[in-house]
>>> print(open('upload09.pdb').read())   # PDB, C-alpha atoms
ATOM      1  CA  MET R  25      91.079 126.790  83.677  1.00  0.00           C
ATOM      2  CA  VAL R  26      91.063 123.595  85.735  1.00  0.00           C
ATOM      3  CA  CYS R  27      92.747 123.677  89.143  1.00  0.00           C
ATOM      4  CA  PHE R  28      94.498 120.394  89.882  1.00  0.00           C
ATOM      5  CA  ILE R  29      96.026 118.870  92.990  1.00  0.00           C
ATOM      6  CA  GLY R  30      99.494 117.320  93.235  1.00  0.00           C
ATOM      7  CA  PHE R  31      99.005 113.603  93.765  1.00  0.00           C
ATOM      8  CA  LEU R  32     102.585 113.015  94.910  1.00  0.00           C
ATOM      9  CA  HIS R  33     102.079 115.459  97.755  1.00  0.00           C
ATOM     10  CA  VAL R  34      98.721 113.876  98.548  1.00  0.00           C
ATOM     11  CA  GLU R  35     100.505 110.542  98.918  1.00  0.00           C
ATOM     12  CA  MET R  36     103.160 112.110 101.150  1.00  0.00           C
ATOM     13  CA  MET R  37     100.436 113.584 103.322  1.00  0.00           C
ATOM     14  CA  SER R  38      98.584 110.255 103.455  1.00  0.00           C
ATOM     15  CA  GLN R  39     101.778 108.554 104.618  1.00  0.00           C
ATOM     16  CA  GLU R  40     102.057 111.093 107.421  1.00  0.00           C
ATOM     17  CA  CYS R  41      98.500 110.181 108.419  1.00  0.00           C
ATOM     18  CA  GLY R  42      99.452 106.512 108.262  1.00  0.00           C
ATOM     19  CA  GLY R  43     102.369 107.195 110.590  1.00  0.00           C
ATOM     20  CA  LYS R  44     100.022 108.773 113.117  1.00  0.00           C
ATOM     21  CA  LEU R  45      97.672 105.812 112.852  1.00  0.00           C
ATOM     22  CA  LEU R  46     100.496 103.302 113.361  1.00  0.00           C
ATOM     23  CA  ALA R  47     102.438 105.216 116.024  1.00  0.00           C
ATOM     24  CA  GLY R  48     102.861 103.228 119.231  1.00  0.00           C
ATOM     25  CA  SER R  49     101.701  99.956 117.675  1.00  0.00           C
ATOM     26  CA  GLY R  50     105.176  98.468 117.285  1.00  0.00           C
ATOM     27  CA  TRP R  51     104.708  98.455 113.518  1.00  0.00           C
ATOM     28  CA  ASP R  52     108.114 100.011 112.846  1.00  0.00           C
ATOM     29  CA  ARG R  53     109.873  97.491 115.103  1.00  0.00           C
ATOM     30  CA  MET R  54     108.510  94.610 113.030  1.00  0.00           C
ATOM     31  CA  PHE R  55     110.731  95.629 110.126  1.00  0.00           C
ATOM     32  CA  THR R  56     113.788  95.711 112.376  1.00  0.00           C
ATOM     33  CA  GLN R  57     113.029  92.290 113.839  1.00  0.00           C
ATOM     34  CA  ALA R  58     112.504  90.896 110.338  1.00  0.00           C
ATOM     35  CA  ASN R  59     115.864  92.382 109.228  1.00  0.00           C
ATOM     36  CA  ILE R  60     114.184  94.397 106.480  1.00  0.00           C
ATOM     37  CA  PHE R  61     115.192  97.866 107.685  1.00  0.00           C
ATOM     38  CA  ASN R  62     117.573  99.047 110.365  1.00  0.00           C
ATOM     39  CA  THR R  63     116.249 100.861 113.422  1.00  0.00           C
ATOM     40  CA  GLY R  64     116.668 104.378 112.050  1.00  0.00           C
ATOM     41  CA  VAL R  65     115.063 103.627 108.699  1.00  0.00           C
ATOM     42  CA  ALA R  66     112.195 101.741 110.337  1.00  0.00           C
ATOM     43  CA  ALA R  67     111.492 104.680 112.655  1.00  0.00           C
ATOM     44  CA  SER R  68     111.468 107.084 109.696  1.00  0.00           C
ATOM     45  CA  LEU R  69     108.618 105.126 108.100  1.00  0.00           C
ATOM     46  CA  LEU R  70     106.204 106.660 110.597  1.00  0.00           C
ATOM     47  CA  GLY R  71     106.989 110.113 109.255  1.00  0.00           C
ATOM     48  CA  GLY R  72     106.650 109.160 105.601  1.00  0.00           C
ATOM     49  CA  LYS R  73     110.003 110.773 104.851  1.00  0.00           C
ATOM     50  CA  HIS R  74     110.752 108.406 101.992  1.00  0.00           C
ATOM     51  CA  VAL R  75     107.728 107.853  99.757  1.00  0.00           C
ATOM     52  CA  LYS R  76     108.920 104.774  97.870  1.00  0.00           C
ATOM     53  CA  ARG R  77     110.268 103.037 100.979  1.00  0.00           C
ATOM     54  CA  THR R  78     107.113 103.727 102.978  1.00  0.00           C
ATOM     55  CA  ARG R  79     104.995 102.501 100.072  1.00  0.00           C
ATOM     56  CA  TYR R  80     106.977  99.243 100.095  1.00  0.00           C
ATOM     57  CA  ALA R  81     106.453  98.946 103.855  1.00  0.00           C
ATOM     58  CA  TYR R  82     102.704  99.353 103.356  1.00  0.00           C
ATOM     59  CA  GLN R  83     102.690  96.569 100.768  1.00  0.00           C
ATOM     60  CA  LEU R  84     104.557  94.251 103.127  1.00  0.00           C
ATOM     61  CA  THR R  85     102.158  95.101 105.943  1.00  0.00           C
ATOM     62  CA  LEU R  86      99.130  94.232 103.833  1.00  0.00           C
ATOM     63  CA  ALA R  87     100.751  90.939 102.839  1.00  0.00           C
ATOM     64  CA  TRP R  88     101.514  90.108 106.479  1.00  0.00           C
ATOM     65  CA  LEU R  89      97.997  90.926 107.621  1.00  0.00           C
ATOM     66  CA  HIS R  90      96.510  88.762 104.887  1.00  0.00           C
ATOM     67  CA  VAL R  91      98.750  85.791 105.722  1.00  0.00           C
ATOM     68  CA  LEU R  92      98.044  86.119 109.452  1.00  0.00           C
ATOM     69  CA  LYS R  93      94.304  86.281 108.806  1.00  0.00           C
ATOM     70  CA  GLU R  94      94.431  83.145 106.655  1.00  0.00           C
ATOM     71  CA  GLN R  95      96.429  81.297 109.308  1.00  0.00           C
ATOM     72  CA  ALA R  96      94.086  82.391 112.099  1.00  0.00           C
ATOM     73  CA  TYR R  97      91.014  81.314 110.144  1.00  0.00           C
ATOM     74  CA  ASP R  98      92.552  77.921 109.334  1.00  0.00           C
ATOM     75  CA  GLU R  99      93.290  77.439 113.028  1.00  0.00           C
ATOM     76  CA  TYR R 100      89.699  78.368 113.875  1.00  0.00           C
ATOM     77  CA  CYS R 101      88.380  75.829 111.365  1.00  0.00           C
ATOM     78  CA  ARG R 102      90.547  73.070 112.841  1.00  0.00           C
ATOM     79  CA  GLU R 103      89.145  73.657 116.314  1.00  0.00           C
ATOM     80  CA  GLY R 104      86.163  71.456 117.120  1.00  0.00           C
ATOM     81  CA  TYR R 105      83.535  70.402 114.649  1.00  0.00           C
ATOM     82  CA  GLY R 106      81.502  72.391 112.167  1.00  0.00           C
ATOM     83  CA  PRO R 107      79.601  74.068 110.877  1.00  0.00           C
ATOM     84  CA  HIS R 108      82.054  76.948 110.954  1.00  0.00           C
ATOM     85  CA  GLU R 109      81.410  80.562 110.132  1.00  0.00           C
ATOM     86  CA  THR R 110      82.450  81.878 106.769  1.00  0.00           C
ATOM     87  CA  MET R 111      85.616  83.939 106.796  1.00  0.00           C
ATOM     88  CA  GLU R 112      83.617  87.135 106.381  1.00  0.00           C
ATOM     89  CA  MET R 113      81.322  86.340 109.324  1.00  0.00           C
ATOM     90  CA  TRP R 114      84.295  85.252 111.436  1.00  0.00           C
ATOM     91  CA  GLU R 115      86.184  88.442 110.634  1.00  0.00           C
ATOM     92  CA  ASN R 116      83.178  90.657 111.404  1.00  0.00           C
ATOM     93  CA  ARG R 117      82.674  88.933 114.763  1.00  0.00           C
ATOM     94  CA  LEU R 118      86.308  89.414 115.756  1.00  0.00           C
ATOM     95  CA  ASN R 119      86.223  92.983 114.502  1.00  0.00           C
ATOM     96  CA  SER R 120      83.306  93.704 116.839  1.00  0.00           C
ATOM     97  CA  ASN R 121      84.624  91.888 119.909  1.00  0.00           C
ATOM     98  CA  ALA R 122      88.426  92.142 119.777  1.00  0.00           C
ATOM     99  CA  PRO R 123      89.923  95.684 119.932  1.00  0.00           C
ATOM    100  CA  THR R 124      93.295  94.530 118.605  1.00  0.00           C
ATOM    101  CA  VAL R 125      91.705  92.895 115.572  1.00  0.00           C
ATOM    102  CA  CYS R 126      89.565  95.987 115.036  1.00  0.00           C
ATOM    103  CA  TYR R 127      92.667  98.189 115.095  1.00  0.00           C
ATOM    104  CA  TRP R 128      94.610  96.147 112.549  1.00  0.00           C
ATOM    105  CA  MET R 129      91.595  95.842 110.288  1.00  0.00           C
ATOM    106  CA  THR R 130      91.349  99.630 110.393  1.00  0.00           C
ATOM    107  CA  VAL R 131      95.032  99.817 109.469  1.00  0.00           C
ATOM    108  CA  ARG R 132      94.425  97.383 106.625  1.00  0.00           C
ATOM    109  CA  ASP R 133      91.528  99.428 105.261  1.00  0.00           C
ATOM    110  CA  TYR R 134      93.573 102.626 105.412  1.00  0.00           C
ATOM    111  CA  LEU R 135      96.560 101.076 103.650  1.00  0.00           C
ATOM    112  CA  MET R 136      94.248  99.707 100.974  1.00  0.00           C
ATOM    113  CA  ILE R 137      93.087 103.258 100.263  1.00  0.00           C
ATOM    114  CA  ASN R 138      96.706 104.215  99.655  1.00  0.00           C
ATOM    115  CA  CYS R 139      97.242 101.221  97.382  1.00  0.00           C
ATOM    116  CA  ARG R 140      94.141 102.022  95.340  1.00  0.00           C
ATOM    117  CA  PHE R 141      95.314 105.613  95.063  1.00  0.00           C
ATOM    118  CA  ILE R 142      98.690 104.482  93.693  1.00  0.00           C
ATOM    119  CA  ARG R 143      97.180 101.890  91.379  1.00  0.00           C
ATOM    120  CA  GLY R 144      94.796 104.451  89.916  1.00  0.00           C
ATOM    121  CA  GLN R 145      97.760 106.580  88.902  1.00  0.00           C
ATOM    122  CA  ARG R 146      99.972 103.741  87.696  1.00  0.00           C
ATOM    123  CA  VAL R 147      97.342 102.429  85.275  1.00  0.00           C
ATOM    124  CA  GLY R 148      95.811 105.822  84.449  1.00  0.00           C
ATOM    125  CA  ASN R 149      92.431 104.966  85.971  1.00  0.00           C
ATOM    126  CA  TRP R 150      90.773 108.298  86.716  1.00  0.00           C
ATOM    127  CA  PRO R 151      87.623 107.007  88.519  1.00  0.00           C
ATOM    128  CA  LEU R 152      89.715 104.741  90.775  1.00  0.00           C
ATOM    129  CA  THR R 153      92.015 107.621  91.695  1.00  0.00           C
ATOM    130  CA  LEU R 154      89.106 109.912  92.550  1.00  0.00           C
ATOM    131  CA  ASN R 155      87.433 107.151  94.561  1.00  0.00           C
ATOM    132  CA  ALA R 156      90.588 106.726  96.637  1.00  0.00           C
ATOM    133  CA  CYS R 157      90.786 110.497  97.195  1.00  0.00           C
ATOM    134  CA  GLU R 158      87.188 110.492  98.381  1.00  0.00           C
ATOM    135  CA  ASP R 159      87.869 107.654 100.835  1.00  0.00           C
ATOM    136  CA  LEU R 160      90.927 109.532 102.091  1.00  0.00           C
ATOM    137  CA  CYS R 161      88.959 112.684 102.952  1.00  0.00           C
ATOM    138  CA  PRO R 162      87.668 111.622 106.415  1.00  0.00           C
ATOM    139  CA  TRP R 163      91.205 110.760 107.484  1.00  0.00           C
ATOM    140  CA  LEU R 164      92.388 114.266 106.617  1.00  0.00           C
ATOM    141  CA  PHE R 165      89.958 115.692 109.145  1.00  0.00           C
ATOM    142  CA  ALA R 166      90.733 112.980 111.704  1.00  0.00           C
ATOM    143  CA  PHE R 167      94.470 113.691 111.669  1.00  0.00           C
ATOM    144  CA  GLY R 168      94.215 117.461 111.476  1.00  0.00           C
ATOM    145  CA  HIS R 169      95.607 118.130 108.003  1.00  0.00           C
ATOM    146  CA  THR R 170      93.718 121.393 107.750  1.00  0.00           C
ATOM    147  CA  ASN R 171      94.775 122.526 104.292  1.00  0.00           C
ATOM    148  CA  TYR R 172      94.160 119.185 102.599  1.00  0.00           C
ATOM    149  CA  ALA R 173      90.935 118.684 104.553  1.00  0.00           C
ATOM    150  CA  ARG R 174      89.776 122.072 103.306  1.00  0.00           C
ATOM    151  CA  TRP R 175      90.747 121.731  99.656  1.00  0.00           C
ATOM    152  CA  MET R 176      90.330 118.036  98.880  1.00  0.00           C
ATOM    153  CA  PRO R 177      86.493 118.182  99.013  1.00  0.00           C
ATOM    154  CA  ILE R 178      86.579 121.254  96.764  1.00  0.00           C
ATOM    155  CA  PHE R 179      88.855 119.437  94.333  1.00  0.00           C
ATOM    156  CA  LEU R 180      86.532 116.419  94.287  1.00  0.00           C
ATOM    157  CA  LYS R 181      83.509 118.667  93.747  1.00  0.00           C
ATOM    158  CA  ASP R 182      85.237 120.345  90.806  1.00  0.00           C
ATOM    159  CA  MET R 183      86.178 116.973  89.323  1.00  0.00           C
ATOM    160  CA  ALA R 184      82.612 115.699  89.745  1.00  0.00           C
ATOM    161  CA  THR R 185      81.330 118.553  87.564  1.00  0.00           C
ATOM    162  CA  LEU R 186      84.230 118.396  85.109  1.00  0.00           C
ATOM    163  CA  ARG R 187      82.142 116.563  82.515  1.00  0.00           C
ATOM    164  CA  ASP R 188      79.846 119.592  82.256  1.00  0.00           C
ATOM    165  CA  THR R 189      82.288 122.446  82.845  1.00  0.00           C
ATOM    166  CA  HIS R 190      85.261 121.172  80.814  1.00  0.00           C
ATOM    167  CA  PRO R 191      84.177 118.153  78.748  1.00  0.00           C
ATOM    168  CA  SER R 192      87.423 117.970  76.755  1.00  0.00           C
ATOM    169  CA  VAL R 193      89.512 117.864  79.947  1.00  0.00           C
ATOM    170  CA  HIS R 194      87.218 115.227  81.435  1.00  0.00           C
ATOM    171  CA  GLU R 195      87.575 113.094  78.322  1.00  0.00           C
ATOM    172  CA  ALA R 196      91.363 113.428  78.457  1.00  0.00           C
ATOM    173  CA  PHE R 197      91.434 112.426  82.130  1.00  0.00           C
ATOM    174  CA  MET R 198      89.250 109.401  81.406  1.00  0.00           C
ATOM    175  CA  GLU R 199      91.833 108.406  78.801  1.00  0.00           C
ATOM    176  CA  GLY R 200      94.519 108.485  81.491  1.00  0.00           C
ATOM    177  CA  LYS R 201      96.069 111.821  80.583  1.00  0.00           C
ATOM    178  CA  PHE R 202      96.102 113.072  84.166  1.00  0.00           C
ATOM    179  CA  VAL R 203      99.396 111.201  84.690  1.00  0.00           C
ATOM    180  CA  VAL R 204     102.712 111.026  82.824  1.00  0.00           C
ATOM    181  CA  GLN R 205     104.468 108.125  81.103  1.00  0.00           C
ATOM    182  CA  ARG R 206     108.234 108.527  81.452  1.00  0.00           C
ATOM    183  CA  GLY R 207     109.290 105.047  80.341  1.00  0.00           C
ATOM    184  CA  ASP R 208     108.212 102.019  78.357  1.00  0.00           C
ATOM    185  CA  ASN R 209     107.396  99.805  81.335  1.00  0.00           C
ATOM    186  CA  LYS R 210     103.822  98.958  82.176  1.00  0.00           C
ATOM    187  CA  PHE R 211     102.350 100.111  85.479  1.00  0.00           C
ATOM    188  CA  SER R 212     104.777 103.044  85.486  1.00  0.00           C
ATOM    189  CA  LEU R 213     102.579 106.101  85.012  1.00  0.00           C
ATOM    190  CA  MET R 214     103.195 108.785  87.611  1.00  0.00           C
ATOM    191  CA  ALA R 215     101.641 111.969  88.933  1.00  0.00           C
ATOM    192  CA  LEU R 216     102.440 115.271  87.251  1.00  0.00           C
ATOM    193  CA  ASP R 217     104.183 116.749  90.284  1.00  0.00           C
ATOM    194  CA  GLN R 218     106.222 113.569  90.741  1.00  0.00           C
ATOM    195  CA  SER R 219     107.365 113.750  87.126  1.00  0.00           C
ATOM    196  CA  GLN R 220     108.345 117.368  87.657  1.00  0.00           C
ATOM    197  CA  GLU R 221     110.341 116.430  90.766  1.00  0.00           C
ATOM    198  CA  HIS R 222     112.225 113.831  88.727  1.00  0.00           C
ATOM    199  CA  SER R 223     113.004 116.351  86.003  1.00  0.00           C
ATOM    200  CA  ILE R 224     114.308 118.878  88.524  1.00  0.00           C
ATOM    201  CA  LYS R 225     116.468 116.185  90.114  1.00  0.00           C
ATOM    202  CA  PHE R 226     117.992 115.326  86.734  1.00  0.00           C
ATOM    203  CA  LEU R 227     118.715 118.998  86.074  1.00  0.00           C
ATOM    204  CA  GLN R 228     120.380 119.333  89.463  1.00  0.00           C
ATOM    205  CA  GLU R 229     122.550 116.299  88.760  1.00  0.00           C
ATOM    206  CA  ASP R 230     123.402 117.663  85.329  1.00  0.00           C
ATOM    207  CA  SER R 231     124.472 120.999  86.800  1.00  0.00           C
ATOM    208  CA  GLY R 232     126.348 119.335  89.661  1.00  0.00           C
ATOM    209  CA  SER R 233     124.506 121.447  92.213  1.00  0.00           C
ATOM    210  CA  LYS R 234     122.175 120.899  95.108  1.00  0.00           C
ATOM    211  CA  GLY R 235     119.448 122.979  96.622  1.00  0.00           C
ATOM    212  CA  SER R 236     116.624 124.956  95.089  1.00  0.00           C
ATOM    213  CA  MET R 237     116.762 126.410  91.596  1.00  0.00           C
ATOM    214  CA  VAL R 238     116.804 129.940  93.011  1.00  0.00           C
ATOM    215  CA  SER R 239     119.776 129.252  95.287  1.00  0.00           C
ATOM    216  CA  MET R 240     121.673 127.523  92.477  1.00  0.00           C
ATOM    217  CA  ARG R 241     121.064 130.465  90.170  1.00  0.00           C
ATOM    218  CA  ARG R 242     122.344 132.881  92.796  1.00  0.00           C
ATOM    219  CA  ARG R 243     125.517 130.810  93.126  1.00  0.00           C
ATOM    220  CA  ARG R 244     125.772 130.810  89.316  1.00  0.00           C
ATOM    221  CA  SER R 245     126.023 127.035  89.413  1.00  0.00           C
ATOM    222  CA  LEU R 246     123.057 126.599  87.068  1.00  0.00           C
ATOM    223  CA  SER R 247     123.669 127.203  83.396  1.00  0.00           C
ATOM    224  CA  SER R 248     121.337 129.352  81.337  1.00  0.00           C
ATOM    225  CA  GLN R 249     120.371 126.337  79.242  1.00  0.00           C
ATOM    226  CA  ASN R 250     119.445 124.297  82.313  1.00  0.00           C
ATOM    227  CA  LEU R 251     117.508 127.241  83.690  1.00  0.00           C
ATOM    228  CA  LYS R 252     115.507 127.438  80.461  1.00  0.00           C
ATOM    229  CA  SER R 253     114.868 123.698  80.656  1.00  0.00           C
ATOM    230  CA  TRP R 254     113.669 124.021  84.237  1.00  0.00           C
ATOM    231  CA  VAL R 255     111.290 126.837  83.273  1.00  0.00           C
ATOM    232  CA  GLN R 256     109.888 124.641  80.500  1.00  0.00           C
ATOM    233  CA  ILE R 257     109.230 121.622  82.718  1.00  0.00           C
ATOM    234  CA  SER R 258     107.853 123.808  85.500  1.00  0.00           C
ATOM    235  CA  SER R 259     105.303 125.456  83.250  1.00  0.00           C
ATOM    236  CA  PRO R 260     101.795 123.964  83.253  1.00  0.00           C
TER     237      PRO R 260
END
>>> encode(input="upload09.pdb", output="structure tokens")
Amino acid sequence: MVCFIGFLHVEMMSQECGGKLLAGSGWDRMFTQANIFNTGVAASLLGGKHVKRTRYAYQLTLAWLHVLKEQAYDEYCREGYGPHETMEMWENRLNSNAPTVCYWMTVRDYLMINCRFIRGQRVGNWPLTLNACEDLCPWLFAFGHTNYARWMPIFLKDMATLRDTHPSVHEAFMEGKFVVQRGDNKFSLMALDQSQEHSIKFLQEDSGSKGSMVSMRRRRSLSSQNLKSWVQISSP
């Protein structure tokens, strides 16, 4: 038996960590000023309450930081005469001497971990996904997510020895079978627990009920056929 971790819930937890990292920086107000989100939605991004929306906000943030860095470097190159530092040397110097630059570069690096984590799942790249999980580990300890900080290293250790302990499972994961394809579009693979959440949502819509499966069954608002379907999709 191979114990697996729910990648959707890992992403939700990582967005909570991102909210703690960005709290007090004015990051949420940028979206309001840019007329992208209203005040309430922008504030909710710090809590990671909406995975897809927060993911989109992270992508915009990375784009903004890249554009601002390019503009700042061009301005530096226009000042005075050369020779000028390379962009990498210039960035490292600012990162060492300017606390604000250091902070936003830290934010950039953290958001890139999240993007690599998502990309690894979307394209079914097992090594990339594990690499992102490994880079995420120190942040779990830093932000006090005790359960994930305790179990993520164990999960990574188990996956590192998977080739020897369960070679057939390792081969399947390397082929991208640790995620689910629900449609025909490219870059649309998703985590197993996310696929299960979608299936449960469809069953709830089909039954016309809300709430957990147990509460719906008690209210007799869930048909026997839908209950059987839910048991099937919930089984490993």
>>> atom_distance(input="upload09.pdb", atom1="CA of Asn59 (chain R)", atom2="CA of Ala87 (chain R)")
16.5 Å
>>> closest_atom_pairs(input="upload09.pdb", of="region 71-92 of chain R", to="region 49-53 of chain R", cutoff="12 Å", atoms="all atoms listed in the file", output="tab-separated table")
residue	atom	partner	partner_atom	distance
R:Gly71	CA	R:Asp52	CA	10.8
R:Gly72	CA	R:Asp52	CA	11.8
R:Thr78	CA	R:Asp52	CA	10.6
R:Ala81	CA	R:Asp52	CA	9.2
R:Tyr82	CA	R:Trp51	CA	10.4
R:Leu84	CA	R:Trp51	CA	11.2
R:Thr85	CA	R:Trp51	CA	8.7
R:Leu86	CA	R:Trp51	CA	11.9
R:Trp88	CA	R:Trp51	CA	11.4
R:Leu89	CA	R:Trp51	CA	11.7
>>> residues_around(input="upload09.pdb", residues="Ala156 (chain R)", least_positions_apart="2", cutoff="10 Å", atoms="only C-alpha atoms", output="PyMOL selection string")
chain R and resi 136-144+151-154+158-161
>>> residues_near_point(input="upload09.pdb", point="(88.3, 83.6, 102.7)", cutoff="12 Å", atoms="only C-alpha atoms", output="VMD selection string")
chain R and resid 90 to 91 93 to 98 101 109 to 115
>>> residues_around(input="upload09.pdb", residues="Pro162 (chain R)", least_positions_apart="5", cutoff="10 Å", atoms="only C-alpha atoms", output="short mmCIF file (atom, residue, chain, number, x, y, z; two decimals) with C-alpha atoms, in the frame of the given file")
data_model
loop_
_atom_site.label_atom_id
_atom_site.label_comp_id
_atom_site.auth_asym_id
_atom_site.auth_seq_id
_atom_site.Cartn_x
_atom_site.Cartn_y
_atom_site.Cartn_z
CA CYS R 157 90.79 110.50 97.20
CA PHE R 167 94.47 113.69 111.67
CA ALA R 173 90.94 118.68 104.55
CA PRO R 177 86.49 118.18 99.01
#
>>> residues_around(input="upload09.pdb", residues="Gly207 (chain R)", least_positions_apart="6", cutoff="12 Å", atoms="only C-alpha atoms", output="list of chain:residue names")
R:Arg146, R:Leu213, R:Met214, R:Ser219
>>> build_atoms(input="upload09.pdb", residues="region 39-65 of chain R", atoms="N, CA and C atoms", output="PDB file, keeping the file's coordinate frame")
ATOM      1  N   GLN R  39     100.807 109.348 103.868  1.00  0.00           N
ATOM      2  CA  GLN R  39     101.778 108.554 104.618  1.00  0.00           C
ATOM      3  C   GLN R  39     102.033 109.153 105.998  1.00  0.00           C
ATOM      4  N   GLU R  40     101.966 110.466 106.102  1.00  0.00           N
ATOM      5  CA  GLU R  40     102.057 111.093 107.421  1.00  0.00           C
ATOM      6  C   GLU R  40     100.867 110.678 108.287  1.00  0.00           C
ATOM      7  N   CYS R  41      99.684 110.643 107.689  1.00  0.00           N
ATOM      8  CA  CYS R  41      98.500 110.181 108.419  1.00  0.00           C
ATOM      9  C   CYS R  41      98.670 108.726 108.840  1.00  0.00           C
ATOM     10  N   GLY R  42      99.213 107.908 107.933  1.00  0.00           N
ATOM     11  CA  GLY R  42      99.452 106.512 108.262  1.00  0.00           C
ATOM     12  C   GLY R  42     100.418 106.358 109.419  1.00  0.00           C
ATOM     13  N   GLY R  43     101.428 107.233 109.475  1.00  0.00           N
ATOM     14  CA  GLY R  43     102.369 107.195 110.590  1.00  0.00           C
ATOM     15  C   GLY R  43     101.694 107.504 111.914  1.00  0.00           C
ATOM     16  N   LYS R  44     100.765 108.450 111.894  1.00  0.00           N
ATOM     17  CA  LYS R  44     100.022 108.773 113.117  1.00  0.00           C
ATOM     18  C   LYS R  44      99.123 107.614 113.535  1.00  0.00           C
ATOM     19  N   LEU R  45      98.538 106.955 112.550  1.00  0.00           N
ATOM     20  CA  LEU R  45      97.672 105.812 112.852  1.00  0.00           C
ATOM     21  C   LEU R  45      98.463 104.649 113.441  1.00  0.00           C
ATOM     22  N   LEU R  46      99.686 104.454 112.955  1.00  0.00           N
ATOM     23  CA  LEU R  46     100.496 103.302 113.361  1.00  0.00           C
ATOM     24  C   LEU R  46     101.425 103.597 114.535  1.00  0.00           C
ATOM     25  N   ALA R  47     101.525 104.848 114.937  1.00  0.00           N
ATOM     26  CA  ALA R  47     102.438 105.216 116.024  1.00  0.00           C
ATOM     27  C   ALA R  47     102.063 104.485 117.314  1.00  0.00           C
ATOM     28  N   GLY R  48     103.078 103.920 117.965  1.00  0.00           N
ATOM     29  CA  GLY R  48     102.861 103.228 119.231  1.00  0.00           C
ATOM     30  C   GLY R  48     102.384 101.798 119.103  1.00  0.00           C
ATOM     31  N   SER R  49     102.204 101.319 117.877  1.00  0.00           N
ATOM     32  CA  SER R  49     101.701  99.956 117.675  1.00  0.00           C
ATOM     33  C   SER R  49     102.818  98.923 117.593  1.00  0.00           C
ATOM     34  N   GLY R  50     104.062  99.387 117.486  1.00  0.00           N
ATOM     35  CA  GLY R  50     105.176  98.468 117.285  1.00  0.00           C
ATOM     36  C   GLY R  50     105.377  98.096 115.833  1.00  0.00           C
ATOM     37  N   TRP R  51     104.632  98.765 114.954  1.00  0.00           N
ATOM     38  CA  TRP R  51     104.708  98.455 113.518  1.00  0.00           C
ATOM     39  C   TRP R  51     106.112  98.651 112.981  1.00  0.00           C
ATOM     40  N   ASP R  52     106.773  99.742 113.365  1.00  0.00           N
ATOM     41  CA  ASP R  52     108.114 100.011 112.846  1.00  0.00           C
ATOM     42  C   ASP R  52     109.129  98.987 113.340  1.00  0.00           C
ATOM     43  N   ARG R  53     108.926  98.473 114.563  1.00  0.00           N
ATOM     44  CA  ARG R  53     109.873  97.491 115.103  1.00  0.00           C
ATOM     45  C   ARG R  53     109.785  96.149 114.384  1.00  0.00           C
ATOM     46  N   MET R  54     108.642  95.869 113.763  1.00  0.00           N
ATOM     47  CA  MET R  54     108.510  94.610 113.030  1.00  0.00           C
ATOM     48  C   MET R  54     109.532  94.517 111.905  1.00  0.00           C
ATOM     49  N   PHE R  55     109.790  95.638 111.247  1.00  0.00           N
ATOM     50  CA  PHE R  55     110.731  95.629 110.126  1.00  0.00           C
ATOM     51  C   PHE R  55     112.166  95.422 110.610  1.00  0.00           C
ATOM     52  N   THR R  56     112.458  95.931 111.805  1.00  0.00           N
ATOM     53  CA  THR R  56     113.788  95.711 112.376  1.00  0.00           C
ATOM     54  C   THR R  56     113.964  94.252 112.775  1.00  0.00           C
ATOM     55  N   GLN R  57     112.951  93.683 113.412  1.00  0.00           N
ATOM     56  CA  GLN R  57     113.029  92.290 113.839  1.00  0.00           C
ATOM     57  C   GLN R  57     113.087  91.334 112.652  1.00  0.00           C
ATOM     58  N   ALA R  58     112.480  91.733 111.541  1.00  0.00           N
ATOM     59  CA  ALA R  58     112.504  90.896 110.338  1.00  0.00           C
ATOM     60  C   ALA R  58     113.736  91.159 109.477  1.00  0.00           C
ATOM     61  N   ASN R  59     114.629  92.043 109.949  1.00  0.00           N
ATOM     62  CA  ASN R  59     115.864  92.382 109.228  1.00  0.00           C
ATOM     63  C   ASN R  59     115.580  92.956 107.833  1.00  0.00           C
ATOM     64  N   ILE R  60     114.510  93.733 107.743  1.00  0.00           N
ATOM     65  CA  ILE R  60     114.184  94.397 106.480  1.00  0.00           C
ATOM     66  C   ILE R  60     114.775  95.797 106.453  1.00  0.00           C
ATOM     67  N   PHE R  61     114.609  96.538 107.544  1.00  0.00           N
ATOM     68  CA  PHE R  61     115.192  97.866 107.685  1.00  0.00           C
ATOM     69  C   PHE R  61     115.938  97.933 109.013  1.00  0.00           C
ATOM     70  N   ASN R  62     116.930  98.825 109.074  1.00  0.00           N
ATOM     71  CA  ASN R  62     117.573  99.047 110.365  1.00  0.00           C
ATOM     72  C   ASN R  62     116.682  99.931 111.234  1.00  0.00           C
ATOM     73  N   THR R  63     117.103 100.161 112.463  1.00  0.00           N
ATOM     74  CA  THR R  63     116.249 100.861 113.422  1.00  0.00           C
ATOM     75  C   THR R  63     115.907 102.275 112.968  1.00  0.00           C
ATOM     76  N   GLY R  64     116.905 103.000 112.471  1.00  0.00           N
ATOM     77  CA  GLY R  64     116.668 104.378 112.050  1.00  0.00           C
ATOM     78  C   GLY R  64     115.725 104.474 110.869  1.00  0.00           C
ATOM     79  N   VAL R  65     115.931 103.611 109.880  1.00  0.00           N
ATOM     80  CA  VAL R  65     115.063 103.627 108.699  1.00  0.00           C
ATOM     81  C   VAL R  65     113.643 103.222 109.079  1.00  0.00           C
TER      82      VAL R  65
END
